[in-house]
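Contents: one structure, followed by commentary.
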Amino acid sequence: MYISKWGEEIVIDNNLGNDYFEVIMAGITYPNPTYRIMHNVSHEFPYDYYVFEYVVKGIGYIETPEERYMVSEGDFYFLNKKRYHIYYADQDHPYQKIFIVLYGSFVDFLVSKHLSNDSVYIKKCNLEDLMTHIIQILKEEEPINYNKLSLAVLALFQQAFPSPYRSKPSTKRNPEIIKNYIDTHINERITLEDISNNLYISKSHIERAFKKEFGQTPLAYCMNQKIEQVASMLVTTDYPLPQIAQQFGFTDVKYMSKCFKKIKGQTPTEYKRSMLAQNPMLKQPSTFVLQNKKARFTVKAKNSQENR
């Protein structure tokens with residue numbers, strides 16, 4: 001850990017080590033009216049990393065060639081890789097924020113499933129505890145506990161970003177409300193009765209409205225979402241199947257495996273084995289060892305502004 005030239009507390013500043021899942025940089029930006037970061041202002045120094053930041057207090061700005069955005073307390077924002085960004089603190093009310101910079105095909109997959117190809121995504125949501133939890137994971141253990149980190153990053157996508165399922169434009173609110181309920185309770189065992197009791201909508205209307213809007217029943221959507229999350233955990237953690245089943249509200253491993261095979265065409269064990277065989281660079285996170293944890297990772301553009 002060290003303090004950057006901007007007065008940031010840098011928890012990790014890592015040389016690129018693994019193409020599957022890597023934390024490039026993470027830390028806390030404290031209020032500084034001169035704070036200013038630049039990405040991809042020059043083609044000579046392409047910035048190939050995803051940036052996730054949460055504003056704890058104060059005000060800041062993000063500029064792209066097309067638009068200027070203001071962010072403030074309670075805003076979570078995502079900056080896409082290989083895009084032109086300049087972001088900086090408001091001079092009168094400079095922001096304090098928590099940030100993590102991620103790289104790898106695991107993150108590529110999550111971004112492709114949850115987000116469009118937009119350069120910037122901003123959402124007002126309380127993710128301070130989760131972002132702080134990620135920072136704490138990076139602080140407390142060396143090598144990094146990638147089991148914990150993978151779960152935290154999955155939770156970050158689940159809470160911050162829209163569901164991977166793209167809906168058709170609609171003036172009706174009920175299908176979106178139902179889908180949002182499922183998305184936010186995906187780690188629980190969900191029944192139609194649960195949805196009905198919590199949303200005060202009849203079970204028959206839930207099924208009819210949801211299927212008309214999304215082309216599948218709400219429980220089928222829920223199961224597909226669970227299995228996608230299970231598949232991610234299989235290749236990013238070494239948690240045993242009973243623990244994964246419990247994580248997503250399955251009654252037992254046998255039932256989870258049956259549902260998994262129905263959707264993926266393979267058992268969880270077969271799926272994991274095939275993914276490892278198809279991806280030679282894929283490693284279990286528990287075997288990752290950080291090299292040169294304190295090494296400085298800095299890329300500078302021609303105008304000598306910091307490019308992170």
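Letters A, B, ... mark the chains of the structure tokens in the order given; residue numbers begin at 1 per chain; ligand numbers begin at 1, in order shown.
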
Handout entry: Those of range 91-304 of chain A in DSSP strand (DSSP E), formatted as an MDAnalysis selection string
Key = chainID A and resid 96:103 120:124 299:300

What does the file look like for those residues with N, CA, C and O atoms, as a PDB file, in the first residue's frame?
ATOM      1  N   GLN A  96     -14.662  12.144  -2.903  1.00  0.00           N
ATOM      2  CA  GLN A  96     -13.960  11.001  -2.327  1.00  0.00           C
ATOM      3  C   GLN A  96     -14.615   9.761  -2.908  1.00  0.00           C
ATOM      4  O   GLN A  96     -15.843   9.669  -2.955  1.00  0.00           O
ATOM      5  N   LYS A  97     -13.810   8.804  -3.382  1.00  0.00           N
ATOM      6  CA  LYS A  97     -14.395   7.650  -4.050  1.00  0.00           C
ATOM      7  C   LYS A  97     -13.557   6.394  -3.804  1.00  0.00           C
ATOM      8  O   LYS A  97     -12.375   6.477  -3.460  1.00  0.00           O
ATOM      9  N   ILE A  98     -14.197   5.264  -4.001  1.00  0.00           N
ATOM     10  CA  ILE A  98     -13.539   3.961  -3.936  1.00  0.00           C
ATOM     11  C   ILE A  98     -13.451   3.432  -5.357  1.00  0.00           C
ATOM     12  O   ILE A  98     -14.424   3.523  -6.107  1.00  0.00           O
ATOM     13  N   PHE A  99     -12.306   2.903  -5.757  1.00  0.00           N
ATOM     14  CA  PHE A  99     -12.175   2.440  -7.136  1.00  0.00           C
ATOM     15  C   PHE A  99     -11.477   1.082  -7.208  1.00  0.00           C
ATOM     16  O   PHE A  99     -10.635   0.743  -6.377  1.00  0.00           O
ATOM     17  N   ILE A 100     -11.876   0.306  -8.232  1.00  0.00           N
ATOM     18  CA  ILE A 100     -11.163  -0.917  -8.577  1.00  0.00           C
ATOM     19  C   ILE A 100     -11.033  -0.964 -10.093  1.00  0.00           C
ATOM     20  O   ILE A 100     -11.944  -0.556 -10.809  1.00  0.00           O
ATOM     21  N   VAL A 101      -9.899  -1.441 -10.572  1.00  0.00           N
ATOM     22  CA  VAL A 101      -9.621  -1.558 -11.999  1.00  0.00           C
ATOM     23  C   VAL A 101      -9.390  -3.034 -12.297  1.00  0.00           C
ATOM     24  O   VAL A 101      -8.504  -3.658 -11.718  1.00  0.00           O
ATOM     25  N   LEU A 102     -10.197  -3.608 -13.203  1.00  0.00           N
ATOM     26  CA  LEU A 102     -10.172  -5.044 -13.456  1.00  0.00           C
ATOM     27  C   LEU A 102      -9.836  -5.349 -14.914  1.00  0.00           C
ATOM     28  O   LEU A 102     -10.084  -4.540 -15.807  1.00  0.00           O
ATOM     29  N   TYR A 103      -9.318  -6.538 -15.113  1.00  0.00           N
ATOM     30  CA  TYR A 103      -8.906  -6.989 -16.447  1.00  0.00           C
ATOM     31  C   TYR A 103      -9.155  -8.486 -16.565  1.00  0.00           C
ATOM     32  O   TYR A 103      -9.114  -9.209 -15.569  1.00  0.00           O
ATOM     33  N   VAL A 120     -19.700   4.840 -20.876  1.00  0.00           N
ATOM     34  CA  VAL A 120     -19.895   5.181 -19.459  1.00  0.00           C
ATOM     35  C   VAL A 120     -21.260   4.671 -19.002  1.00  0.00           C
ATOM     36  O   VAL A 120     -22.245   4.763 -19.743  1.00  0.00           O
ATOM     37  N   TYR A 121     -21.295   4.126 -17.796  1.00  0.00           N
ATOM     38  CA  TYR A 121     -22.560   3.718 -17.196  1.00  0.00           C
ATOM     39  C   TYR A 121     -22.576   4.267 -15.770  1.00  0.00           C
ATOM     40  O   TYR A 121     -21.627   4.066 -15.004  1.00  0.00           O
ATOM     41  N   ILE A 122     -23.648   4.981 -15.409  1.00  0.00           N
ATOM     42  CA  ILE A 122     -23.752   5.601 -14.085  1.00  0.00           C
ATOM     43  C   ILE A 122     -25.078   5.194 -13.461  1.00  0.00           C
ATOM     44  O   ILE A 122     -26.118   5.210 -14.118  1.00  0.00           O
ATOM     45  N   LYS A 123     -25.038   4.829 -12.186  1.00  0.00           N
ATOM     46  CA  LYS A 123     -26.259   4.452 -11.490  1.00  0.00           C
ATOM     47  C   LYS A 123     -26.194   4.946 -10.047  1.00  0.00           C
ATOM     48  O   LYS A 123     -25.163   4.829  -9.382  1.00  0.00           O
ATOM     49  N   LYS A 124     -27.298   5.503  -9.574  1.00  0.00           N
ATOM     50  CA  LYS A 124     -27.397   5.914  -8.180  1.00  0.00           C
ATOM     51  C   LYS A 124     -27.798   4.699  -7.356  1.00  0.00           C
ATOM     52  O   LYS A 124     -28.921   4.200  -7.449  1.00  0.00           O
ATOM     53  N   VAL A 299       0.986   4.162 -16.739  1.00  0.00           N
ATOM     54  CA  VAL A 299       1.160   4.453 -18.145  1.00  0.00           C
ATOM     55  C   VAL A 299       0.879   5.924 -18.341  1.00  0.00           C
ATOM     56  O   VAL A 299      -0.118   6.427 -17.856  1.00  0.00           O
ATOM     57  N   LYS A 300       1.773   6.623 -19.051  1.00  0.00           N
ATOM     58  CA  LYS A 300       1.588   8.052 -19.220  1.00  0.00           C
ATOM     59  C   LYS A 300       1.435   8.405 -20.691  1.00  0.00           C
ATOM     60  O   LYS A 300       2.146   7.897 -21.543  1.00  0.00           O
TER      61      LYS A 300
END

Practice task
Determine, counting only C-alpha atoms, which protein, DNA and RNA residues have an atom within 12 Å of an atom of Glu66 in chain A; residues of the same chain fewer than 4 positions away are not included. Present the result as a PyMOL selection string.
Solution key: chain A and resi 62+83-86+118-120

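Coordinates place CA of Glu22 in chain A at a distance of 28.7 Å from CA of Met70 in chain A.
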
Exercise for the section: Could you check how far CA of Asp90 in chain A sits from CA of Val51 in chain A, in Å to one decimal? Expected result: 19.4 Å

Exercise for the section: Per DSSP on the backbone, filter range 139-230 of chain A down to the residues in alpha helix (DSSP H) and report them as number ranges by chain. Expected result: A: 139-140, 146-160, 174-184, 192-199, 203-214, 218-230

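CA of Met1 in chain A to CA of Thr132 in chain A spans 15.4 Å [interatomic distance, one decimal].
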
Residues at most 12 Å from Ala152 in chain A, counting only C-alpha atoms, excluding those fewer than 4 positions away in the same chain, as a PDB file with C-alpha atoms, in the first residue's frame?
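Saved file out_24.pdb follows:
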ATOM      1  CA  ILE A 100     -11.163  -0.917  -8.577  1.00  0.00           C
ATOM      2  CA  LEU A 127     -22.619   0.126  -3.082  1.00  0.00           C
ATOM      3  CA  ASP A 129     -20.290  -1.480   1.709  1.00  0.00           C
ATOM      4  CA  LEU A 130     -19.653  -3.853  -1.204  1.00  0.00           C
ATOM      5  CA  MET A 131     -16.856  -1.710  -2.666  1.00  0.00           C
ATOM      6  CA  THR A 132     -15.304  -1.412   0.802  1.00  0.00           C
ATOM      7  CA  HIS A 133     -15.579  -5.199   1.161  1.00  0.00           C
ATOM      8  CA  ILE A 134     -13.640  -5.664  -2.087  1.00  0.00           C
ATOM      9  CA  ILE A 135     -10.931  -3.278  -0.885  1.00  0.00           C
ATOM     10  CA  GLN A 136     -10.730  -5.216   2.380  1.00  0.00           C
ATOM     11  CA  ILE A 137     -10.301  -8.525   0.514  1.00  0.00           C
ATOM     12  CA  LEU A 138      -7.368  -7.001  -1.366  1.00  0.00           C
ATOM     13  CA  ASN A 145      -8.234 -14.777  -2.053  1.00  0.00           C
ATOM     14  CA  TYR A 146      -9.818 -15.002  -5.512  1.00  0.00           C
ATOM     15  CA  ASN A 147     -12.676 -17.141  -4.208  1.00  0.00           C
ATOM     16  CA  LYS A 148     -13.908 -14.222  -2.113  1.00  0.00           C
ATOM     17  CA  LEU A 156     -21.202  -6.047  -7.860  1.00  0.00           C
ATOM     18  CA  PHE A 157     -22.538  -6.842 -11.330  1.00  0.00           C
ATOM     19  CA  GLN A 158     -25.734  -8.286  -9.910  1.00  0.00           C
ATOM     20  CA  GLN A 159     -26.507  -5.214  -7.810  1.00  0.00           C
ATOM     21  CA  ALA A 160     -25.218  -2.439 -10.045  1.00  0.00           C
ATOM     22  CA  MET A 233     -18.619 -19.736  -9.982  1.00  0.00           C
ATOM     23  CA  THR A 236     -13.765 -18.768 -11.023  1.00  0.00           C
ATOM     24  CA  THR A 237     -13.735 -20.415  -7.592  1.00  0.00           C
TER      25      THR A 237
END

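Using only C-alpha atoms, the contacts of range 218-224 of chain A at a cut-off of 8 Å, with sequence neighbours closer than 5 positions omitted, comprise Ile178, Lys179, Ile182, Asp183, Ile186, Ile190, Thr191, Leu192, Ile206, Glu207, Phe210, Lys211, Cys259 and Ile263 of chain A.
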
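Of the residues listed (A:Glu213, A:Glu140, A:Ala89, A:Val230), A:Val230 shows the shortest atom-to-atom separation from Leu154 in chain A; distances use only C-alpha atoms.
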
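When only C-alpha atoms are used to compute distances to Tyr54 in chain A, the closest of the residues A:Tyr69, A:Tyr30, A:Phe78, A:Tyr87 turns out to be A:Phe78.
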